[in-house]
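Participant: I'd like to ask you about the structure that follows.
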Amino acid sequence: MTTGKQLFTTLAADGTLTVAIEEVTFPEPKGKQVLVKMEAAPINPSDLAILVGAAEMDTAEYSPGKFVARMPEPFNTGNKARHGLKLPAGNEGAGTVVAAGEDEEAQALIGQRVSCVPGHAFSQYAIADATLCLPLGDHSAEEGASAFVNPMTALGFVETARRDGQQALVHTVGASNLGQMLTRICNEDGIGLVNIVRKDDQVQVLKDLGASHVVNSASDDLEQRLQDAIADTGAFYGFDPIGGGKTVDTVFRAMEAVAARDMTDYSRYGSNQHKQMFIYGRLDSSPTVLTPSYGFGWTLSGWLVFPFMQSAGQEVVGRMRKRVLDNLTTTFASHYKSRVTLEEMLTKEAVTDYRQMKTGEKYLVTPWG
């Protein structure tokens with residue numbers, strides 16, 4: 001039997017959120033499963049929803065390897081389906097395969113360092129699907145820890161756009177780790193990209209990567225700059241991880257303003273130019289606000305990497321995975337502000353910092369210290 005530490009998060013019906021480290025016994029892998037001794041796992045925005053969500057962390061009670069916080073309404077009721085469930089966390093990470101099921105593909109990974117997406121990577125060991133493991137060769141666990149979520153998401157945006165006949169994109173958090181990857185990909189593939197950022201220094205970060213169109217959302221002439229960038233690239237298609245507020249609305253309005261330049265006759269229904277945005281995250285948990293400012297030629301929908309991969313097919317996903325591995329320390333490189341153990345990631349200092357999701361300040365969890 002294999003035992004080790006693992007993080008669990010539990011939300012009670014009364015709104016009490018408990019996140020704690022426990023000693024657990026891990027099952028023997030079967031079939032295509034492998035047992036990975038985890039060495040590094042990033043804390044991604046997608047992990048924070050289950051780790052802290054909208055919980056009131058300033059008033060939480062912290063103790064070694066544990067914190068207890070209050071989940072306010074309406075967020076507690078909105079999470080009714082998880083009440084009472086003790087859930088693991090950590091979408092992705094990297095480590096060494098120490099055991100495998102009887103399947104040949106799983107057996108072939110024994111002894112190899114791999115990137116994996118077990119869904120419980122904040123742990124000293126994890127059971128993962130061999131078909132979703134990426135052998136890292138000579139790459140370190142830190143280099144491979146973020147080899148899945150952001151790289152496959154960024155590549156997925158470009159593949160989705162191509163599938164829809166698009167040659168340009170808008171991305172609303174351009175300076176993020178994922179956004180920087182997307183900038184490199186679009187440069188390499190000749191895809192037009194309009195990046196929206198929040199600060200002047202973030203503009204420079206992307207300019208240094210070769211970005212042609214970077215718009216600061218804090219600038220007084222945001223709308224004009226955004227319109228000019230969309231007109232120059234033909235980007236009527238975009239991706240947004242913010243979710244709440246008026247970011248999508250701002251982009252739609254700019255797209256419509258550009259399309260309206262070519263209209264010769266007035267139409268109460270707006271332009272015939274179709275505008276499409278995908279929400280792929282909830283950095284802002286407030287409602288998404290849309291205004292009647294861009295006619296009816298628009299579509300807003302959700303986008304997630306796993307459903308995309310299922311629809312893309314094995315050949316496309318295989319090509320994407322190879323590209324990630326071949327460019328792991330260049331196009332798809334990730335950088336970390338801090339490295340913490342399982343216990344350290346539950347301290348007030350760490351939680352207060354990483355839950356802010358500041359650009360360029362990602363945390364890496366090293367389960368063994």
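Each chain in the structure tokens gets a letter, A, B and so on, in the order shown; residues start at 1 in every chain, and ligands are counted from 1 in the order they appear.
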Using only C-alpha atoms, which residues of stretch 142-242 of chain A come within 12 Å of stretch 81-98 of chain A, and what is the closest atom pair for each, with the distance in Å to one decimal? Give it as a tab-separated table, sorted by chain and residue number.
Facilitator:
residue	atom	partner	partner_atom	distance
A:Glu142	CA	A:Ala94	CA	7.3
A:Glu143	CA	A:Ala94	CA	8.7
A:Gly144	CA	A:Ala94	CA	5.9
A:Ala145	CA	A:Gly93	CA	4.2
A:Ser146	CA	A:Gly93	CA	6.3
A:Ala147	CA	A:Gly93	CA	7.9
A:Phe148	CA	A:Glu92	CA	6.9
A:Val149	CA	A:Glu92	CA	7.2
A:Asn150	CA	A:Glu92	CA	10.2
A:Pro151	CA	A:Glu92	CA	11.8
A:Met152	CA	A:Glu92	CA	11.9
Participant: Using DSSP on the backbone coordinates, identify the residues of stretch 239-321 of chain A assigned to helix (DSSP H, G or I); present them as a VMD selection string.
Facilitator: chain A and resid 247 to 260 305 to 312 314 to 321
Participant: How would the residues just chosen look if you wrote them out with C-alpha atoms as an mmCIF file, in the first residue's frame?
Facilitator:
data_model
loop_
_atom_site.group_PDB
_atom_site.id
_atom_site.type_symbol
_atom_site.label_atom_id
_atom_site.label_comp_id
_atom_site.auth_asym_id
_atom_site.auth_seq_id
_atom_site.Cartn_x
_atom_site.Cartn_y
_atom_site.Cartn_z
ATOM 1 C CA THR A 247 -15.700 43.104 -20.379
ATOM 2 C CA VAL A 248 -17.499 41.001 -22.995
ATOM 3 C CA ASP A 249 -19.972 43.839 -23.527
ATOM 4 C CA THR A 250 -17.109 46.269 -24.179
ATOM 5 C CA VAL A 251 -15.620 43.942 -26.790
ATOM 6 C CA PHE A 252 -18.969 43.361 -28.501
ATOM 7 C CA ARG A 253 -19.573 47.110 -28.680
ATOM 8 C CA ALA A 254 -16.171 47.681 -30.260
ATOM 9 C CA MET A 255 -16.737 44.880 -32.760
ATOM 10 C CA GLU A 256 -20.098 46.329 -33.763
ATOM 11 C CA ALA A 257 -18.687 49.837 -34.075
ATOM 12 C CA VAL A 258 -16.091 48.524 -36.526
ATOM 13 C CA ALA A 259 -18.679 46.551 -38.490
ATOM 14 C CA ALA A 260 -21.005 49.581 -38.644
ATOM 15 C CA VAL A 305 -10.475 22.576 -22.632
ATOM 16 C CA PHE A 306 -11.651 19.010 -21.918
ATOM 17 C CA PRO A 307 -14.858 19.193 -24.023
ATOM 18 C CA PHE A 308 -12.790 20.834 -26.760
ATOM 19 C CA MET A 309 -10.297 17.954 -26.727
ATOM 20 C CA GLN A 310 -13.100 15.412 -26.938
ATOM 21 C CA SER A 311 -14.546 17.152 -29.985
ATOM 22 C CA ALA A 312 -11.169 17.804 -31.636
ATOM 23 C CA GLN A 314 -7.118 12.116 -31.142
ATOM 24 C CA GLU A 315 -5.075 13.288 -34.131
ATOM 25 C CA VAL A 316 -5.473 16.992 -33.347
ATOM 26 C CA VAL A 317 -4.843 16.498 -29.633
ATOM 27 C CA GLY A 318 -1.768 14.393 -30.376
ATOM 28 C CA ARG A 319 -0.372 17.132 -32.594
ATOM 29 C CA MET A 320 -1.028 19.716 -29.857
ATOM 30 C CA ARG A 321 0.667 17.610 -27.173
#
Participant: What is the distance between atom CA of A:Ala49 and atom CA of A:Trp368, in Å to one decimal?
Facilitator: 24.1 Å
Participant: As a PyMOL selection string, please: the residues near stretch 182-191 of chain A (cut-off 6 Å, only C-alpha atoms, same-chain neighbours under 2 positions excluded).
Facilitator: chain A and resi 154+167-168+179-180+331
Participant: Dump C-alpha atoms for the selected residues as a CSV table (one decimal), in the first residue's frame?
Facilitator:
chain,number,residue,atom,x,y,z
A,154,ALA,CA,-4.1,28.5,-25.7
A,167,GLN,CA,-7.9,34.3,-38.7
A,168,ALA,CA,-7.9,36.7,-35.7
A,179,GLY,CA,-2.1,35.1,-22.6
A,180,GLN,CA,1.6,35.2,-23.1
A,331,THR,CA,6.5,29.0,-26.3
Participant: Can you pull out the residues contacting A:Ile127? Cut-off 12 Å, using only C-alpha atoms, and skip same-chain residues under 3 positions away; I want them as an NGL selection string.
Facilitator: :A and (2 or 6 or 25-38 or 88 or 92-101 or 106 or 116-124 or 130 or 132-133)
Participant: Can you pull out every residue within 8 Å of stretch 21-24 of chain A, counting only C-alpha atoms, but drop anything in the same chain fewer than 4 positions away, and send it as a PDB file with N, CA and C atoms, in the first residue's frame?
Facilitator:
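Below is the file that was written, result.pdb:
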ATOM      1  N   THR A   3       0.944   5.262   1.021  1.00  0.00           N
ATOM      2  CA  THR A   3       0.272   6.298   1.807  1.00  0.00           C
ATOM      3  C   THR A   3       0.998   7.627   1.626  1.00  0.00           C
ATOM      4  N   GLY A   4       0.237   8.713   1.794  1.00  0.00           N
ATOM      5  CA  GLY A   4       0.817  10.039   1.656  1.00  0.00           C
ATOM      6  C   GLY A   4      -0.194  11.113   1.981  1.00  0.00           C
ATOM      7  N   LYS A   5       0.247  12.339   1.924  1.00  0.00           N
ATOM      8  CA  LYS A   5      -0.605  13.471   2.243  1.00  0.00           C
ATOM      9  C   LYS A   5      -1.395  13.927   1.017  1.00  0.00           C
ATOM     10  N   GLN A   6      -2.633  14.339   1.264  1.00  0.00           N
ATOM     11  CA  GLN A   6      -3.477  14.841   0.178  1.00  0.00           C
ATOM     12  C   GLN A   6      -4.387  15.942   0.699  1.00  0.00           C
ATOM     13  N   LEU A   7      -4.623  16.939  -0.145  1.00  0.00           N
ATOM     14  CA  LEU A   7      -5.503  18.054   0.220  1.00  0.00           C
ATOM     15  C   LEU A   7      -6.948  17.725  -0.143  1.00  0.00           C
ATOM     16  N   PHE A   8      -7.877  18.101   0.751  1.00  0.00           N
ATOM     17  CA  PHE A   8      -9.304  17.942   0.493  1.00  0.00           C
ATOM     18  C   PHE A   8     -10.037  19.235   0.848  1.00  0.00           C
ATOM     19  N   GLY A  65      -1.790  23.122   8.344  1.00  0.00           N
ATOM     20  CA  GLY A  65      -2.374  22.220   7.362  1.00  0.00           C
ATOM     21  C   GLY A  65      -3.869  22.313   7.209  1.00  0.00           C
ATOM     22  N   LYS A  66      -4.461  23.473   7.585  1.00  0.00           N
ATOM     23  CA  LYS A  66      -5.923  23.556   7.535  1.00  0.00           C
ATOM     24  C   LYS A  66      -6.395  25.000   7.636  1.00  0.00           C
ATOM     25  N   LEU A 342       2.468  21.569   0.705  1.00  0.00           N
ATOM     26  CA  LEU A 342       1.022  21.413   0.902  1.00  0.00           C
ATOM     27  C   LEU A 342       0.558  22.207   2.122  1.00  0.00           C
ATOM     28  N   GLU A 343       1.338  22.114   3.213  1.00  0.00           N
ATOM     29  CA  GLU A 343       0.952  22.837   4.429  1.00  0.00           C
ATOM     30  C   GLU A 343       1.067  24.347   4.236  1.00  0.00           C
TER      31      GLU A 343
END
Participant: May I have the residues within 12 Å of stretch 346-356 of chain A as an NGL selection string, using only C-alpha atoms and disregarding those fewer than 5 positions away in the same chain?
Facilitator: :A and (7-9 or 18-21 or 42-69 or 122 or 283-284 or 336-341 or 361-365)
Participant: For stretch 74-76 of chain A, list every protein, DNA or RNA residue within 6 Å, evaluated using only C-alpha atoms, and leave out those in the same chain fewer than 3 positions away; present the list as a PyMOL selection string.
Facilitator: chain A and resi 15+71+79
